[in-house]
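Written out below as structure tokens is the structure these notes cover.
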Amino acid sequence: MEMTFRWFGSKFDSVTLNQIRQIPGVKGVITTLYETVPGEEWKKEEIKALKKEVEEAGLKISGIESVNVCDAIKVGAPDRDKYIENYIRTLTYLGEEDIHTVCYNFMPVFDWTRTELARERKDGSTVMAYTQAAVDKINPDDMFNSLKEDCNGFVLPGWEPERMAQVKELFELYKDVDADKLFDNLVYFLNAIMPVCDKYDINMAIHPDDPAWSVFGLSRIITNKEQLLKLINTVDNVHNGITFCTGSYGTSLNNDIVDTIHALKGRIHFAHVRNLKFITPDNFEEAAHLSSDGDFDMYEIMKALYDTGFDGIMRPDHGRMIWGEKAMPGYGLYDRALGAMYLQGLWEAIEKSSKR
Ligand code: CS2
Ligand code: MN
């Protein structure tokens, strides 16, 4: 297991590479070219420059999160092949720079959805939260505006203002895309990119939908164990794998996290490990990583990863905002650094005790 930390690039992140380098055990970052528009081909020089910057700070690029998939591919538009070609070229450039893990998602219109970005907890920390009741009340067009004020001036991944300005058109685009069609489009995309992944040994790692059910009537397909197994079996290539995000997958209390990790043995390439606290099954908030702060048993989760031979990259995921930090919601330095340490502590204990 390799512990890493997500970093959005010096132009967008309040956290610096030098700070990340001082988190014990963290040697690599998960990053992206944040300014690229989904569908466009990444520029080789920009990938090289990013890599150089990270390496000059004494770190490495452990993976990309995300190379986003554009809507034409997701809806299966007549011109999708052109965008798939761009994606393949992007993967080629990443492979040539020795980057071997790429996270992406296949959610229509919205990336992860939260209804509050700064819910205050008893200890004064703030966290992102979700209530179904709030989603049911809101018009999707207003979703972005309602969250904007709480962003601390940062651009949230998947919620870029240019994209949100077109929410109406986006909904129109997806109106005939039911779950089966969306799944077929994902399979078509994966089959097309597998050869380049084989060539450069790139592990594609799909991120579960968050929350793990359909919102605003849009189809969602990466939501449960059956769907995940269907995906890895339909495109049965080790390079077609999963980003196992406990906080996203675990939003549905019907999902058994530990059991699913076992079922996906060998196909989890990237792990996002975080904890949730449920107030009711459809009202939850993002807790600290520590088991007792939320509802997940983090020891059992880490043990399942260990027992299934997980040897990919891991990162703490969304953290709380603590100690007065002002950062992108979910992506401050302090709480994620605490998470990285805690997860490594669990891993060390599991590893040593299993060898006794
Ligand atoms: C989120 C997502 O839960 C998460 O990790 O921050 O933005 C995630 O990075 C994307 O859905 C992956 O494409
Ligand atoms: Mn995640």
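By order of appearance in the structure tokens: chains A, B, ..., then residues from 1 within every chain, and ligands from 1 in the order shown.
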
Quiz prompt | All residues having an atom within 6 Å of ligand 1 (only C-alpha atoms and all ligand atoms) as a PyMOL selection string | solution = chain A and resi 65-66+103-105+111-112+157-158+207

Exercise. Mind checking which residues fall within 10 Å of Ser14 in chain A, counting only C-alpha atoms, ignoring those fewer than 6 positions away in the same chain, and posting them as a PyMOL selection string?
Key: chain A and resi 7-8+154+325-328+331-333

Those selected residues, please, written with C-alpha atoms and delivered as a PDB file, in the first residue's frame.
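Saved result, part.pdb, follows:
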ATOM      1  CA  TRP A   7      -3.261  17.952  -4.645  1.00  0.00           C
ATOM      2  CA  PHE A   8      -5.031  20.202  -7.136  1.00  0.00           C
ATOM      3  CA  PHE A 154     -12.266  27.613  -4.353  1.00  0.00           C
ATOM      4  CA  GLU A 325      -8.122  26.429   8.107  1.00  0.00           C
ATOM      5  CA  LYS A 326      -9.560  28.036   4.967  1.00  0.00           C
ATOM      6  CA  ALA A 327      -9.391  25.591   2.082  1.00  0.00           C
ATOM      7  CA  MET A 328     -11.449  23.890  -0.551  1.00  0.00           C
ATOM      8  CA  TYR A 331      -9.595  19.238   0.965  1.00  0.00           C
ATOM      9  CA  GLY A 332      -7.815  21.075   3.748  1.00  0.00           C
ATOM     10  CA  LEU A 333      -4.402  19.991   4.961  1.00  0.00           C
TER      11      LEU A 333
END

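Close contacts of Met321 in chain A, defined as residues with an atom at most 10 Å away when counting only C-alpha atoms, with chain neighbours fewer than 3 positions off set aside, comprise Leu117, Ala118, Arg119, Glu120, Gly124, Ser125, Thr126, Val127, Met128, Ala288, His318, Gly324, Glu325, Lys326, Ala327, Met328, Pro329, Gly330, Tyr331, Gly332, Leu333, Tyr334, Asp335 and Arg336 of chain A.
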
Exercise. Please identify every polymer residue within 10 Å of ligand 2, using only C-alpha atoms and all ligand atoms, and present the set as a PyMOL selection string.
Key: chain A and resi 65+103+112+207-210+243-249+270-274+315-318

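The protein and nucleic acid residues lying at most 12 Å from range 345-350 of chain A are A:Met1, A:Glu2, A:Met3, A:Pro24, A:Gly25, A:Val273, A:His289, A:Leu290, A:Ser291, A:Asp297, A:Met298, A:Tyr299, A:Glu300, A:Ile301, A:Met302, A:Lys303, A:Ala304, A:Leu305, A:Tyr306, A:Asp307, A:Phe310, A:Asp311, A:Met314, A:Leu338, A:Gly339, A:Arg356, with only C-alpha atoms considered and sequence neighbours fewer than 6 positions away removed.
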
Take the selection from the previous step and output its residues with C-alpha atoms, as a PDB file, in the first residue's frame.
ATOM      1  CA  MET A   1       0.000   0.000   0.000  1.00  0.00           C
ATOM      2  CA  GLU A   2       1.237   3.411  -0.874  1.00  0.00           C
ATOM      3  CA  MET A   3      -0.189   6.384   1.046  1.00  0.00           C
ATOM      4  CA  PRO A  24       5.077  11.094   7.346  1.00  0.00           C
ATOM      5  CA  GLY A  25       4.827   8.234   4.881  1.00  0.00           C
ATOM      6  CA  VAL A 273     -10.678   5.736   2.758  1.00  0.00           C
ATOM      7  CA  HIS A 289     -11.373   9.250   9.660  1.00  0.00           C
ATOM      8  CA  LEU A 290     -11.342   7.658  13.143  1.00  0.00           C
ATOM      9  CA  SER A 291     -13.880   4.803  13.470  1.00  0.00           C
ATOM     10  CA  ASP A 297     -15.361   0.318  11.179  1.00  0.00           C
ATOM     11  CA  MET A 298     -12.129   1.586   9.666  1.00  0.00           C
ATOM     12  CA  TYR A 299     -10.115  -1.283  11.111  1.00  0.00           C
ATOM     13  CA  GLU A 300     -12.309  -3.814   9.291  1.00  0.00           C
ATOM     14  CA  ILE A 301     -12.079  -1.807   6.062  1.00  0.00           C
ATOM     15  CA  MET A 302      -8.288  -1.615   6.206  1.00  0.00           C
ATOM     16  CA  LYS A 303      -8.088  -5.267   7.169  1.00  0.00           C
ATOM     17  CA  ALA A 304     -10.239  -6.278   4.186  1.00  0.00           C
ATOM     18  CA  LEU A 305      -7.886  -4.339   1.913  1.00  0.00           C
ATOM     19  CA  TYR A 306      -4.884  -5.962   3.551  1.00  0.00           C
ATOM     20  CA  ASP A 307      -6.364  -9.460   3.459  1.00  0.00           C
ATOM     21  CA  PHE A 310      -4.297  -4.633  -1.887  1.00  0.00           C
ATOM     22  CA  ASP A 311      -1.035  -3.120  -3.083  1.00  0.00           C
ATOM     23  CA  MET A 314      -4.497   4.942  -1.075  1.00  0.00           C
ATOM     24  CA  LEU A 338      -4.548  13.271  10.483  1.00  0.00           C
ATOM     25  CA  GLY A 339      -6.406  10.766   8.319  1.00  0.00           C
ATOM     26  CA  ARG A 356       3.243 -12.781  14.121  1.00  0.00           C
TER      27      ARG A 356
END

Practice problem: List every residue of range 36-114 of chain A that DSSP, applied to the backbone, labels as strand (DSSP E or B), and write the result as a count of residues only. | Solution: 10

Quiz item: Contacts of Thr234 in chain A at 12 Å or less, counting only C-alpha atoms, minus same-chain residues fewer than 4 places along, as a PyMOL selection string?
Solution: chain A and resi 183-184+186-188+190-191+226-230+238+240-241

Could the residues in this selection be written to a file with C-alpha atoms, as a PDB file, in the first residue's frame?
ATOM      1  CA  PHE A 183     -23.692   1.231 -18.817  1.00  0.00           C
ATOM      2  CA  ASP A 184     -23.319   0.303 -22.506  1.00  0.00           C
ATOM      3  CA  LEU A 186     -19.198   2.973 -20.341  1.00  0.00           C
ATOM      4  CA  VAL A 187     -18.402  -0.474 -21.734  1.00  0.00           C
ATOM      5  CA  TYR A 188     -17.904   0.968 -25.231  1.00  0.00           C
ATOM      6  CA  LEU A 190     -13.546   0.974 -21.779  1.00  0.00           C
ATOM      7  CA  ASN A 191     -13.222  -1.472 -24.676  1.00  0.00           C
ATOM      8  CA  GLU A 226     -23.808  -6.184  -8.458  1.00  0.00           C
ATOM      9  CA  GLN A 227     -23.057  -3.227 -10.701  1.00  0.00           C
ATOM     10  CA  LEU A 228     -19.375  -3.186  -9.816  1.00  0.00           C
ATOM     11  CA  LEU A 229     -19.052  -6.908 -10.497  1.00  0.00           C
ATOM     12  CA  LYS A 230     -20.998  -6.556 -13.722  1.00  0.00           C
ATOM     13  CA  VAL A 238      -7.180  -6.095 -14.952  1.00  0.00           C
ATOM     14  CA  ASN A 240     -10.455  -2.045 -15.874  1.00  0.00           C
ATOM     15  CA  GLY A 241     -10.542  -1.519 -12.128  1.00  0.00           C
TER      16      GLY A 241
END

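Our summary of the geometry notes that CA of Thr32 in chain A is positioned 13.2 Å from CA of Tyr93 in chain A.
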
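A straight line drawn from CA of Val75 in chain A to CA of Gly63 in chain A is 26.3 Å long.
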
Exercise. Determine, counting only C-alpha atoms, which protein, DNA and RNA residues have an atom within 9 Å of an atom of Ile47 in chain A; residues of the same chain fewer than 3 positions away are not included. Present the result as a ChimeraX atom specification.
Key: /A:32-33,42-44,50-52,93-94,97

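The coordinates place CA of Val155 in chain A at 23.1 Å from CA of Ala72 in chain A.
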
Practice problem: Write out as a PyMOL selection string each polymer residue whose atoms come within 10 Å of Gly217 in chain A, counting only C-alpha atoms; drop sequence neighbours fewer than 4 positions from it. | Solution: chain A and resi 171+175+178+213

Expected file: the selected residues, N, CA and C atoms, as a short mmCIF file (atom, residue, chain, number, x, y, z; two decimals), in the first residue's frame:
data_model
loop_
_atom_site.label_atom_id
_atom_site.label_comp_id
_atom_site.auth_asym_id
_atom_site.auth_seq_id
_atom_site.Cartn_x
_atom_site.Cartn_y
_atom_site.Cartn_z
N PHE A 171 -29.06 18.48 -18.77
CA PHE A 171 -30.20 17.61 -18.44
C PHE A 171 -30.89 17.13 -19.72
N LYS A 175 -31.59 13.12 -21.32
CA LYS A 175 -32.97 12.73 -21.05
C LYS A 175 -33.33 11.32 -21.52
N ASP A 178 -30.94 6.05 -20.15
CA ASP A 178 -31.30 5.30 -18.94
C ASP A 178 -30.09 4.51 -18.45
N TRP A 213 -26.99 6.54 -5.28
CA TRP A 213 -28.33 6.38 -5.83
C TRP A 213 -28.57 7.53 -6.79
#

Self-check item: All helix (DSSP H, G or I) positions in range 69-237 of chain A, as a PyMOL selection string
Solution: chain A and resi 71-75+80-96+132-137+140-151+161-164+167-173+179-200+225-234

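The nearest approach to Asp98 in chain A among the residues A:Val258, A:Ala337, A:Ile64, A:Leu156, with only C-alpha atoms taken into account, belongs to A:Ile64.
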
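Proximity of A:Ala129, A:Ile261, A:Ala77, A:Leu147 to Ile279 in chain A, computed with only C-alpha atoms, is greatest for A:Ala129.
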
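When only C-alpha atoms are used to compute distances to Thr131 in chain A, the closest of the residues A:Val102, A:Val215, A:Ala263, A:Val15 turns out to be A:Val215.
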